[in-house]
Amino acid sequence: MAASVIGSAVTRVDGRLKVTGAARYAVDHPIDGVVYGVPVASTIGSGKITAIDTSAAEKMPGVLAVLHHGNCGALYRTAGPFEQDIWMSESRPPFEDDTVYYYGQYVALAVANTFEQAQDAAAHVKVSYREQKPLTRMSDVTGPTGPPHKHYARGDAEAAFNNAPVKIDETYVTPTETHNPMEMHGTIAVWNGNKVMLYETTQGVMNHLGVMSQTLGLPIEDVHIVSPFVGSGFGCKLAPWPHSLLAAMAARKLRLPVKVSVPRNLMFTAVGHRPITEQRVRLGATQDGKLVATIHEVKNPTSQIDDYMENATEPTPVMYSCPNVTADQWLVKLNIGSPMAMRGPGANPGMYALDSALDELAVKLNLDPLEIRLRNYAEKDEGSGRPFSSKHLRECYQRGAERFGWSRRTPGVGSMRDGNEILGWGVGSAIWGAGRGGAQARVRLSADGRARVSSATQDIGTGTYTVMALIVADKTGIPVERIDSVLGDSSLPPGPMSGGSTATATIVPAVAAASVEVIGRVLELASRTDGSPFMGADPKTLAMTGGRVHKQGEAPESGVPFESLLQLRKVAALEAEAKTGGAPDAHNYSMHCFGTHFVEVGWDPGIARLRVRRIVTVMDAGRIISEKTARNQILGAAVMGVGMGMFEETVYDPRNAKPLNNNFADYLVATNADVPEQEVIFLDYPDPVIGEYGARGIGEIGLVGVASAMTMATYHATGVRVRELPIRVEKLMESSSSV
Ligand code: MOS
């Protein structure tokens with residue numbers, strides 16, 4: 001029997017369209033008569049709009065309208081938190097009133113025949129404000145006072161900490177990071193009577209559908225979301241932002257198709273960011289490095305119009321074994337736009353702090369950083385008390401250590417060299433919750449020998465097109481080249497959001513079930529069609545293998561291709577749909593992905609240069625469905641980790657919360673020259689609880705644990721402990737090894 005296609009190195013099925021430029025992204029769609037909306041963004045952080053003078057702008061060539069809170073049609077709020085499927089990024093729709101809550105809030109939209117005309121008009125809209133002093137830093141706010149936004153406790157962590165023989169008490173800070181996907185946000189809204197079609201770039205076509213239906217006040221069947229290709233998201237496209245609502249509103253008002261494309265500078269204001277986290281971590285341990293107390297207190301800013309919590313304490317009860325744990329989170333409301341989940345939200349900054357503190361403990365005790373992780377290895381989820389559905393983190397550490405050569409590490413600061421460079425080695429632990437929700441999918445087998453699989457999900461670069469095709473290929477034996485994956489369209493059977501690393505685990509069971517269902521229909525047709533070699537047979541005695549229908553127990557070659565049977569019957573296609581839910585036994589288990597990163601940095605003290613030289617990553621992410629796209633996810637995430645460790649930081653002007661580095665020249669991300677030698681190893685143990693294929697998600701976890709491994713490695717090389725990311729050269733100049 002041929003080897004399974006699952007986990008094989010097939011090439012991304014949509015890759016050709018992407019590299020040839022044929023893939024259409026949201027604002028690429030050619031729409032006849034489209035006009036352009038350009039937002040006017042507030043230049044204050046807090047206050048009231050006192051007047052909007054549009055007279056000059058309206059007289060400019062090609063200008064069709066300047067819309068603002070005083071003249072636009074109503075947009076509604078979403079129904080609220082009880083509508084669990086609906087997630088809007090800001091609690092209020094744009095232009096609701098004259099209040100400015102943050103710098104960069106849209107206060108008007110200039111619409112014109114060309115983009116240039118609209119841009120020019122937007123620049124000529126005069127907005128007057130009554131300005132209040134904005135809150136731009138957490139230190140501007142006293143407190144937080146009152147109970148935490150989120151609280152977790154087991155045992156008595158304060159007492160255990162106070163009595164612990166060895167203690168660490170440090171505060172770690174992660175900066176604001178802005179997602180900045182390559183494809184900027186954008187929407188084209190096209191009305192046809194009372195129905196609206198939105199060309200979008202979204203991580204959730206179904207959520208977008210729900211939000212737009214509610215904010216526009218339309219029945220859900222009158223809204224259609226199309227998002228066939230997404231130039232990544234990293235979380236900022238999880239939920240609709242104001243520009244999408246403005247495009248729809250303007251198009252309705254003008255009865256013209258309207259395109260609103262968010263320029264790079266506004267990608268820093270009204271489409272989310274990962275907020276700063278300030279995390280105090282207290283660890284108490286025995287002399288041999290066993291944790292007896294963990295106290296993790298986190299504060300993050302959010303906007304005035306949402307309650308976004310960067311859930312940094314999420315891994316704290318689960319990651320390491322410890323009898324006494326307290327984990328608290330507080331929010332501080334500032335005049336900065338709403339934050340939004342960014343790759344590895346919560347766990348990523350949280351593990352930076354927790355793992356950094358653990359490394360400081362290891363240094364204090366003269367213990368190997370890997371050894372201290374093994375001494376505190378959690379055999380079960382001590383947070384929920386449940387067993388893990390599948391956990392092979394110990395093997396991750398072992399495999400990674402072998403590949404990396406960890407046993408050659410000498411513990412002394414600055415003790416390892418390669419030429420002019422002092423080497424530093426660090427290791428990080430990665431964790432991310434695994435989940436599976438409900439989804440529907442449809443599979444169609446055609447008389448031309450092709451298959452089509454469809455669901456209203458989307459592929460944000462993660463490989464969903466390929467994953468869907470592979471499951472159909474596995475079930476039917478039809479080669480991947482003859483399978484069309486169709487997604488990114490809300491008119492298809494409802495599929496999952498690309499968020500929280502749950503899309504694969506959620507869509508796979510639905511596609512598998514629909515495949516089985518349609519195969520059943522083929523077998524039935526085979527047994528009931530005149531001229532079929534299986535006429536009159538019990539369909540239960542038949543099977544489909546390699547795309548051929550045959551008698552069970554006989555070689556597939558003895559059978560006939562499914563398309564011949566469809567042709568014989570003169571039908572174009574057979575189709576089946578399936579709906580699947582969450583993992584049935586999930587509530588009895590703790591489902592997580594695990595992993596580790598081994599990082600080598602090189603510090604050249606002569607020229608004060610720090611570089612990441614190598615990263616070896618080992619992932620225990622369940623069964624890998626699509627090997628190449630999975631590897632691509634982890635490689636990219638680890639590169640993002642290099643960015644988080646050394647480059648990324650959005651800097652706000654303390655006077656008005658303007659993001660000062662709102663461009664790619666000043667907001668640094670890792671470039672090719674910063675990318676180290678990388679290796680990714682998948683353990684590939686199917687998770688027995690999550691579903692038939694045992695696939696968990698891998699979108700987020702690759703970023704978790706990179707930054708702490710980098711600061712650990714940097715300490716090992718330089719003796720400088722960086723507790724406030726990113727690592728900058730100036731912070732390393734106090735290193736005794738610098739000249
Ligand atoms: Mo992920 S931050 O849920 O896109």
# chains A, B, ... in the order shown; residues from 1 in each chain; ligands from 1
$ residues_around --residues "region 455-467 of chain A" --least-positions-apart "6" --cutoff "8 Å" --atoms "only C-alpha atoms" --output "ChimeraX atom specification"
/A:12-14,202-206,227-233,440-442,485-498,503-504,508,625-626,629-630,633,699
$ residues_around --residues "region 541-548 of chain A" --least-positions-apart "4" --cutoff "6 Å" --atoms "only C-alpha atoms" --output "VMD selection string"
chain A and resid 476 to 478 552 556 559 to 562
$ closest_residue --among "A:Leu445, A:Val271, A:Ala327, A:Val27" --to "Gly186 (chain A)" --atoms "only C-alpha atoms"
A:Val27
$ select_by_dssp --residues "region 208-409 of chain A" --states "strand (DSSP E)" --output "VMD selection string"
chain A and resid 223 to 226 258 to 261 277 to 285 291 to 302 325 to 333
$ write_last_selection --atoms "N, CA, C and O atoms" --output "short mmCIF file (atom, residue, chain, number, x, y, z; two decimals), in the first residue's frame"
data_model
loop_
_atom_site.label_atom_id
_atom_site.label_comp_id
_atom_site.auth_asym_id
_atom_site.auth_seq_id
_atom_site.Cartn_x
_atom_site.Cartn_y
_atom_site.Cartn_z
N VAL A 223 -25.43 39.55 3.54
CA VAL A 223 -24.02 39.93 3.61
C VAL A 223 -23.18 38.77 3.06
O VAL A 223 -23.48 37.61 3.32
N HIS A 224 -22.17 39.10 2.31
CA HIS A 224 -21.32 38.08 1.70
C HIS A 224 -19.86 38.54 1.85
O HIS A 224 -19.51 39.64 1.45
N ILE A 225 -19.07 37.69 2.46
CA ILE A 225 -17.66 38.03 2.69
C ILE A 225 -16.80 37.14 1.79
O ILE A 225 -16.98 35.92 1.77
N VAL A 226 -15.87 37.75 1.09
CA VAL A 226 -14.97 37.00 0.22
C VAL A 226 -13.53 37.34 0.61
O VAL A 226 -13.16 38.51 0.69
N VAL A 258 -16.91 50.91 -2.94
CA VAL A 258 -15.88 51.72 -2.27
C VAL A 258 -14.76 50.82 -1.77
O VAL A 258 -15.01 49.79 -1.15
N LYS A 259 -13.56 51.28 -2.03
CA LYS A 259 -12.37 50.57 -1.56
C LYS A 259 -11.69 51.41 -0.47
O LYS A 259 -11.41 52.59 -0.69
N VAL A 260 -11.45 50.79 0.67
CA VAL A 260 -10.68 51.46 1.71
C VAL A 260 -9.47 50.58 2.02
O VAL A 260 -9.62 49.44 2.44
N SER A 261 -8.31 51.15 1.77
CA SER A 261 -7.08 50.41 1.97
C SER A 261 -6.31 51.11 3.10
O SER A 261 -6.09 52.31 3.04
N THR A 277 3.59 44.44 28.22
CA THR A 277 3.30 43.72 29.46
C THR A 277 4.37 44.06 30.47
O THR A 277 5.56 44.12 30.14
N GLU A 278 3.93 44.30 31.70
CA GLU A 278 4.84 44.45 32.84
C GLU A 278 4.56 43.27 33.74
O GLU A 278 3.43 43.11 34.21
N GLN A 279 5.56 42.45 33.94
CA GLN A 279 5.31 41.19 34.64
C GLN A 279 6.29 41.01 35.79
O GLN A 279 7.49 40.86 35.57
N ARG A 280 5.76 41.05 37.00
CA ARG A 280 6.60 40.72 38.15
C ARG A 280 6.48 39.22 38.39
O ARG A 280 5.38 38.69 38.49
N VAL A 281 7.63 38.58 38.44
CA VAL A 281 7.64 37.14 38.69
C VAL A 281 8.43 36.87 39.95
O VAL A 281 9.58 37.31 40.09
N ARG A 282 7.80 36.19 40.87
CA ARG A 282 8.51 35.73 42.06
C ARG A 282 8.53 34.21 42.07
O ARG A 282 7.48 33.58 41.95
N LEU A 283 9.73 33.68 42.15
CA LEU A 283 9.87 32.22 42.23
C LEU A 283 10.54 31.88 43.55
O LEU A 283 11.54 32.50 43.92
N GLY A 284 9.99 30.90 44.25
CA GLY A 284 10.65 30.35 45.43
C GLY A 284 11.00 28.91 45.13
O GLY A 284 10.22 28.19 44.50
N ALA A 285 12.21 28.51 45.56
CA ALA A 285 12.66 27.15 45.23
C ALA A 285 13.48 26.57 46.36
O ALA A 285 13.97 27.29 47.24
N LEU A 291 10.74 24.10 42.32
CA LEU A 291 9.87 25.24 42.60
C LEU A 291 8.92 24.93 43.74
O LEU A 291 8.27 23.87 43.75
N VAL A 292 8.81 25.86 44.69
CA VAL A 292 7.80 25.72 45.74
C VAL A 292 6.78 26.85 45.67
O VAL A 292 5.69 26.74 46.22
N ALA A 293 7.14 27.94 44.99
CA ALA A 293 6.19 29.06 44.86
C ALA A 293 6.41 29.78 43.54
O ALA A 293 7.54 30.02 43.12
N THR A 294 5.30 30.10 42.89
CA THR A 294 5.34 30.92 41.68
C THR A 294 4.28 32.01 41.83
O THR A 294 3.10 31.69 42.05
N ILE A 295 4.71 33.25 41.76
CA ILE A 295 3.75 34.37 41.82
C ILE A 295 3.99 35.22 40.57
O ILE A 295 5.09 35.73 40.36
N HIS A 296 2.97 35.32 39.75
CA HIS A 296 3.11 35.98 38.45
C HIS A 296 2.04 37.08 38.38
O HIS A 296 0.85 36.79 38.39
N GLU A 297 2.50 38.33 38.35
CA GLU A 297 1.56 39.45 38.31
C GLU A 297 1.80 40.27 37.05
O GLU A 297 2.93 40.68 36.79
N VAL A 298 0.75 40.46 36.29
CA VAL A 298 0.88 41.07 34.96
C VAL A 298 -0.05 42.26 34.81
O VAL A 298 -1.21 42.22 35.23
N LYS A 299 0.49 43.27 34.20
CA LYS A 299 -0.29 44.48 33.93
C LYS A 299 -0.13 44.78 32.45
O LYS A 299 0.97 44.71 31.91
N ASN A 300 -1.25 45.04 31.76
CA ASN A 300 -1.12 45.49 30.37
C ASN A 300 -2.10 46.61 30.09
O ASN A 300 -3.18 46.67 30.68
N PRO A 301 -1.72 47.53 29.21
CA PRO A 301 -2.64 48.60 28.85
C PRO A 301 -3.66 48.11 27.84
O PRO A 301 -3.39 47.22 27.04
N THR A 302 -4.82 48.71 27.90
CA THR A 302 -5.81 48.47 26.86
C THR A 302 -6.42 49.82 26.49
O THR A 302 -6.02 50.84 27.03
N VAL A 325 0.87 28.41 43.52
CA VAL A 325 0.92 29.33 42.37
C VAL A 325 -0.17 30.39 42.50
O VAL A 325 -1.33 30.06 42.79
N THR A 326 0.23 31.63 42.30
CA THR A 326 -0.75 32.70 42.16
C THR A 326 -0.44 33.41 40.85
O THR A 326 0.73 33.68 40.55
N ALA A 327 -1.48 33.71 40.09
CA ALA A 327 -1.28 34.42 38.82
C ALA A 327 -2.41 35.43 38.66
O ALA A 327 -3.58 35.06 38.66
N ASP A 328 -2.05 36.68 38.56
CA ASP A 328 -3.04 37.76 38.49
C ASP A 328 -2.77 38.67 37.30
O ASP A 328 -1.62 38.89 36.93
N GLN A 329 -3.84 39.20 36.76
CA GLN A 329 -3.71 40.13 35.62
C GLN A 329 -4.52 41.40 35.89
O GLN A 329 -5.65 41.32 36.37
N TRP A 330 -3.94 42.51 35.54
CA TRP A 330 -4.63 43.79 35.63
C TRP A 330 -4.61 44.52 34.29
O TRP A 330 -3.69 44.34 33.50
N LEU A 331 -5.63 45.33 34.08
CA LEU A 331 -5.70 46.15 32.87
C LEU A 331 -5.61 47.62 33.26
O LEU A 331 -6.11 48.03 34.30
N VAL A 332 -5.00 48.38 32.37
CA VAL A 332 -4.89 49.83 32.55
C VAL A 332 -5.39 50.47 31.26
O VAL A 332 -4.89 50.15 30.18
N LYS A 333 -6.38 51.34 31.38
CA LYS A 333 -6.95 51.92 30.16
C LYS A 333 -6.22 53.18 29.74
O LYS A 333 -6.08 54.12 30.52
#
$ closest_atom_pairs --of "chain A" --to "ligand 1" --cutoff "7 Å" --atoms "only C-alpha atoms and all ligand atoms" --output "Markdown table"
| residue | atom | partner | partner_atom_place_in_ligand_line | distance |
| --- | --- | --- | --- | --- |
| A:Gly233 | CA | ligand 1 | 4 (O) | 6.4 |
| A:Phe234 | CA | ligand 1 | 4 (O) | 4.5 |
| A:Gly235 | CA | ligand 1 | 4 (O) | 3.2 |
| A:Cys236 | CA | ligand 1 | 4 (O) | 6.9 |
| A:Leu238 | CA | ligand 1 | 4 (O) | 6.2 |
| A:Ala341 | CA | ligand 1 | 2 (S) | 4.4 |
| A:Met342 | CA | ligand 1 | 2 (S) | 3.9 |
| A:Arg343 | CA | ligand 1 | 2 (S) | 3.8 |
| A:Gly344 | CA | ligand 1 | 2 (S) | 5.6 |
| A:Pro345 | CA | ligand 1 | 2 (S) | 5.5 |
| A:Ser498 | CA | ligand 1 | 4 (O) | 6.3 |
| A:Gly499 | CA | ligand 1 | 3 (O) | 3.3 |
| A:Gly500 | CA | ligand 1 | 3 (O) | 3.6 |
| A:Ser501 | CA | ligand 1 | 3 (O) | 6.3 |
| A:Glu700 | CA | ligand 1 | 1 (Mo) | 6.3 |
$ closest_residue --among "A:Val318, A:Ala709, A:Leu109, A:Val19" --to "Leu370 (chain A)" --atoms "only C-alpha atoms"
A:Ala709
$ residues_around --residues "Asp653 (chain A)" --least-positions-apart "5" --cutoff "12 Å" --atoms "only C-alpha atoms" --output "ChimeraX atom specification"
/A:43-45,103,134-137,335-336,658-662
$ closest_residue --among "A:Glu131, A:His392, A:Lys150, A:Arg696" --to "Glu310 (chain A)" --atoms "only C-alpha atoms"
A:Lys150
$ atom_distance --atom1 "CA of Glu421 (chain A)" --atom2 "CA of Pro605 (chain A)"
7.3 Å
$ residues_around --residues "Arg444 (chain A)" --least-positions-apart "6" --cutoff "9 Å" --atoms "only C-alpha atoms" --output "MDAnalysis selection string"
chainID A and resid 450:454 514:515 518 573:577
$ residues_around --residues "Gly405 (chain A)" --least-positions-apart "5" --cutoff "12 Å" --atoms "only C-alpha atoms" --output "PyMOL selection string"
chain A and resi 397-400+410+425-426+598-600+614-616
$ closest_residue --among "A:Arg408, A:Arg631, A:Lys237, A:Lys391" --to "Met88 (chain A)" --atoms "only C-alpha atoms"
A:Lys237
$ closest_residue --among "A:Val107, A:Ile431, A:Val141, A:Val516" --to "Val472 (chain A)" --atoms "only C-alpha atoms"
A:Val516
$ residues_around --residues "Asn348 (chain A)" --least-positions-apart "3" --cutoff "9 Å" --atoms "only C-alpha atoms" --output "list in words"
Ala312, Arg343, Gly344, Pro345, Met351, Tyr352, Ala353, Ala430, Ile431, Trp432, Glu700, Ile701, Leu703, Val704, Gly705, Val706 and Ala707 of chain A
$ write_last_selection --atoms "N, CA and C atoms" --output "PDB file, in the first residue's frame"
ATOM      1  N   ALA A 312      -0.971  36.809  29.759  1.00  0.00           N
ATOM      2  CA  ALA A 312       0.396  36.310  29.981  1.00  0.00           C
ATOM      3  C   ALA A 312       0.476  35.262  31.076  1.00  0.00           C
ATOM      4  N   ARG A 343       0.255  36.815  17.507  1.00  0.00           N
ATOM      5  CA  ARG A 343       0.838  35.447  17.532  1.00  0.00           C
ATOM      6  C   ARG A 343       1.333  35.012  18.924  1.00  0.00           C
ATOM      7  N   GLY A 344       0.746  33.950  19.400  1.00  0.00           N
ATOM      8  CA  GLY A 344       1.073  33.469  20.744  1.00  0.00           C
ATOM      9  C   GLY A 344       0.608  34.434  21.816  1.00  0.00           C
ATOM     10  N   PRO A 345      -0.579  35.048  21.653  1.00  0.00           N
ATOM     11  CA  PRO A 345      -1.008  36.054  22.622  1.00  0.00           C
ATOM     12  C   PRO A 345      -1.006  35.476  24.033  1.00  0.00           C
ATOM     13  N   MET A 351       5.584  33.461  28.786  1.00  0.00           N
ATOM     14  CA  MET A 351       6.694  32.518  28.880  1.00  0.00           C
ATOM     15  C   MET A 351       8.038  33.225  28.844  1.00  0.00           C
ATOM     16  N   TYR A 352       8.082  34.387  28.202  1.00  0.00           N
ATOM     17  CA  TYR A 352       9.329  35.162  28.251  1.00  0.00           C
ATOM     18  C   TYR A 352       9.671  35.473  29.714  1.00  0.00           C
ATOM     19  N   ALA A 353       8.659  35.924  30.461  1.00  0.00           N
ATOM     20  CA  ALA A 353       8.908  36.305  31.855  1.00  0.00           C
ATOM     21  C   ALA A 353       9.168  35.080  32.729  1.00  0.00           C
ATOM     22  N   ALA A 430       8.260  26.005  25.137  1.00  0.00           N
ATOM     23  CA  ALA A 430       7.108  26.529  24.416  1.00  0.00           C
ATOM     24  C   ALA A 430       5.868  25.735  24.793  1.00  0.00           C
ATOM     25  N   ILE A 431       4.771  26.448  24.931  1.00  0.00           N
ATOM     26  CA  ILE A 431       3.494  25.812  25.251  1.00  0.00           C
ATOM     27  C   ILE A 431       2.388  26.604  24.576  1.00  0.00           C
ATOM     28  N   TRP A 432       1.386  25.902  24.105  1.00  0.00           N
ATOM     29  CA  TRP A 432       0.213  26.581  23.551  1.00  0.00           C
ATOM     30  C   TRP A 432      -0.988  25.650  23.650  1.00  0.00           C
ATOM     31  N   GLU A 700       0.858  29.345  16.414  1.00  0.00           N
ATOM     32  CA  GLU A 700       1.343  30.289  17.424  1.00  0.00           C
ATOM     33  C   GLU A 700       2.617  29.808  18.119  1.00  0.00           C
ATOM     34  N   ILE A 701       2.690  28.510  18.381  1.00  0.00           N
ATOM     35  CA  ILE A 701       3.662  28.015  19.366  1.00  0.00           C
ATOM     36  C   ILE A 701       5.114  28.270  18.975  1.00  0.00           C
ATOM     37  N   LEU A 703       6.573  30.802  18.143  1.00  0.00           N
ATOM     38  CA  LEU A 703       7.108  32.071  18.662  1.00  0.00           C
ATOM     39  C   LEU A 703       7.374  31.997  20.167  1.00  0.00           C
ATOM     40  N   VAL A 704       6.650  31.102  20.837  1.00  0.00           N
ATOM     41  CA  VAL A 704       6.718  31.044  22.302  1.00  0.00           C
ATOM     42  C   VAL A 704       8.069  30.463  22.728  1.00  0.00           C
ATOM     43  N   GLY A 705       8.769  31.184  23.573  1.00  0.00           N
ATOM     44  CA  GLY A 705      10.015  30.661  24.121  1.00  0.00           C
ATOM     45  C   GLY A 705      11.274  31.073  23.384  1.00  0.00           C
ATOM     46  N   VAL A 706      11.129  31.768  22.269  1.00  0.00           N
ATOM     47  CA  VAL A 706      12.333  32.184  21.529  1.00  0.00           C
ATOM     48  C   VAL A 706      13.023  33.339  22.253  1.00  0.00           C
ATOM     49  N   ALA A 707      12.228  34.345  22.633  1.00  0.00           N
ATOM     50  CA  ALA A 707      12.838  35.559  23.205  1.00  0.00           C
ATOM     51  C   ALA A 707      13.551  35.262  24.522  1.00  0.00           C
TER      52      ALA A 707
END
$ closest_residue --among "A:Tyr377, A:Tyr320, A:Tyr199, A:Trp241" --to "Pro339 (chain A)" --atoms "only C-alpha atoms"
A:Trp241
$ residues_around --residues "Gly582 (chain A)" --least-positions-apart "5" --cutoff "7 Å" --atoms "only C-alpha atoms" --output "list in words"
Arg436, Gly437 and Gly438 of chain A
$ write_last_selection --atoms "N, CA and C atoms" --output "PDB file, in the first residue's frame"
ATOM      1  N   ARG A 436     -10.218  22.409  19.510  1.00  0.00           N
ATOM      2  CA  ARG A 436     -10.944  22.048  18.298  1.00  0.00           C
ATOM      3  C   ARG A 436     -12.395  22.455  18.496  1.00  0.00           C
ATOM      4  N   GLY A 437     -12.924  23.178  17.543  1.00  0.00           N
ATOM      5  CA  GLY A 437     -14.306  23.620  17.628  1.00  0.00           C
ATOM      6  C   GLY A 437     -15.168  22.948  16.581  1.00  0.00           C
ATOM      7  N   GLY A 438     -16.286  23.573  16.267  1.00  0.00           N
ATOM      8  CA  GLY A 438     -17.210  23.006  15.295  1.00  0.00           C
ATOM      9  C   GLY A 438     -16.954  23.551  13.902  1.00  0.00           C
TER      10      GLY A 438
END
$ select_by_dssp --residues "region 498-538 of chain A" --states "alpha helix (DSSP H)" --output "CSV table (one decimal) with N, CA and C atoms, in the first residue's frame"
chain,number,residue,atom,x,y,z
A,503,ALA,N,-7.5,26.1,13.7
A,503,ALA,CA,-8.2,25.9,12.4
A,503,ALA,C,-7.9,24.5,11.9
A,504,THR,N,-6.7,24.0,11.9
A,504,THR,CA,-6.4,22.6,11.4
A,504,THR,C,-7.2,21.6,12.2
A,505,ALA,N,-7.1,21.6,13.5
A,505,ALA,CA,-7.7,20.6,14.3
A,505,ALA,C,-9.2,20.7,14.2
A,506,THR,N,-9.8,21.8,13.8
A,506,THR,CA,-11.2,22.0,13.7
A,506,THR,C,-11.7,21.6,12.3
A,507,ILE,N,-11.0,21.9,11.2
A,507,ILE,CA,-11.5,21.6,9.9
A,507,ILE,C,-11.2,20.2,9.5
A,508,VAL,N,-10.1,19.6,10.0
A,508,VAL,CA,-9.8,18.3,9.6
A,508,VAL,C,-10.9,17.2,9.8
A,509,PRO,N,-11.5,17.2,11.0
A,509,PRO,CA,-12.6,16.2,11.2
A,509,PRO,C,-13.8,16.5,10.3
A,510,ALA,N,-14.1,17.7,10.0
A,510,ALA,CA,-15.2,18.0,9.1
A,510,ALA,C,-14.9,17.5,7.7
A,511,VAL,N,-13.7,17.8,7.2
A,511,VAL,CA,-13.4,17.4,5.8
A,511,VAL,C,-13.3,15.8,5.8
A,512,ALA,N,-12.8,15.2,6.8
A,512,ALA,CA,-12.7,13.8,6.8
A,512,ALA,C,-14.1,13.2,6.8
A,513,ALA,N,-15.0,13.7,7.6
A,513,ALA,CA,-16.3,13.2,7.7
A,513,ALA,C,-17.1,13.4,6.3
A,514,ALA,N,-16.9,14.5,5.7
A,514,ALA,CA,-17.5,14.8,4.4
A,514,ALA,C,-17.0,13.9,3.4
A,515,SER,N,-15.7,13.6,3.4
A,515,SER,CA,-15.1,12.7,2.5
A,515,SER,C,-15.7,11.3,2.6
A,516,VAL,N,-15.8,10.8,3.9
A,516,VAL,CA,-16.3,9.5,4.1
A,516,VAL,C,-17.7,9.4,3.6
A,517,GLU,N,-18.5,10.5,3.8
A,517,GLU,CA,-19.9,10.6,3.4
A,517,GLU,C,-20.0,10.5,1.9
A,518,VAL,N,-19.2,11.2,1.2
A,518,VAL,CA,-19.3,11.2,-0.3
A,518,VAL,C,-18.8,9.9,-0.8
A,519,ILE,N,-17.8,9.3,-0.2
A,519,ILE,CA,-17.4,7.9,-0.7
A,519,ILE,C,-18.6,7.0,-0.5
A,520,GLY,N,-19.3,7.1,0.5
A,520,GLY,CA,-20.5,6.2,0.7
A,520,GLY,C,-21.5,6.4,-0.4
A,521,ARG,N,-21.7,7.6,-0.8
A,521,ARG,CA,-22.6,7.9,-1.9
A,521,ARG,C,-22.1,7.3,-3.2
A,522,VAL,N,-20.8,7.3,-3.4
A,522,VAL,CA,-20.2,6.7,-4.6
A,522,VAL,C,-20.4,5.2,-4.6
A,523,LEU,N,-20.2,4.6,-3.5
A,523,LEU,CA,-20.4,3.1,-3.4
A,523,LEU,C,-21.8,2.8,-3.6
A,524,GLU,N,-22.7,3.6,-3.1
A,524,GLU,CA,-24.1,3.3,-3.3
A,524,GLU,C,-24.5,3.4,-4.8
A,525,LEU,N,-23.9,4.5,-5.4
A,525,LEU,CA,-24.2,4.6,-6.9
A,525,LEU,C,-23.6,3.4,-7.6
A,526,ALA,N,-22.4,3.0,-7.2
A,526,ALA,CA,-21.8,1.8,-7.9
A,526,ALA,C,-22.7,0.6,-7.8
A,527,SER,N,-23.4,0.5,-6.7
A,527,SER,CA,-24.2,-0.8,-6.5
A,527,SER,C,-25.6,-0.7,-7.1
A,528,ARG,N,-25.9,0.5,-7.7
A,528,ARG,CA,-27.3,0.7,-8.2
A,528,ARG,C,-27.3,1.2,-9.6
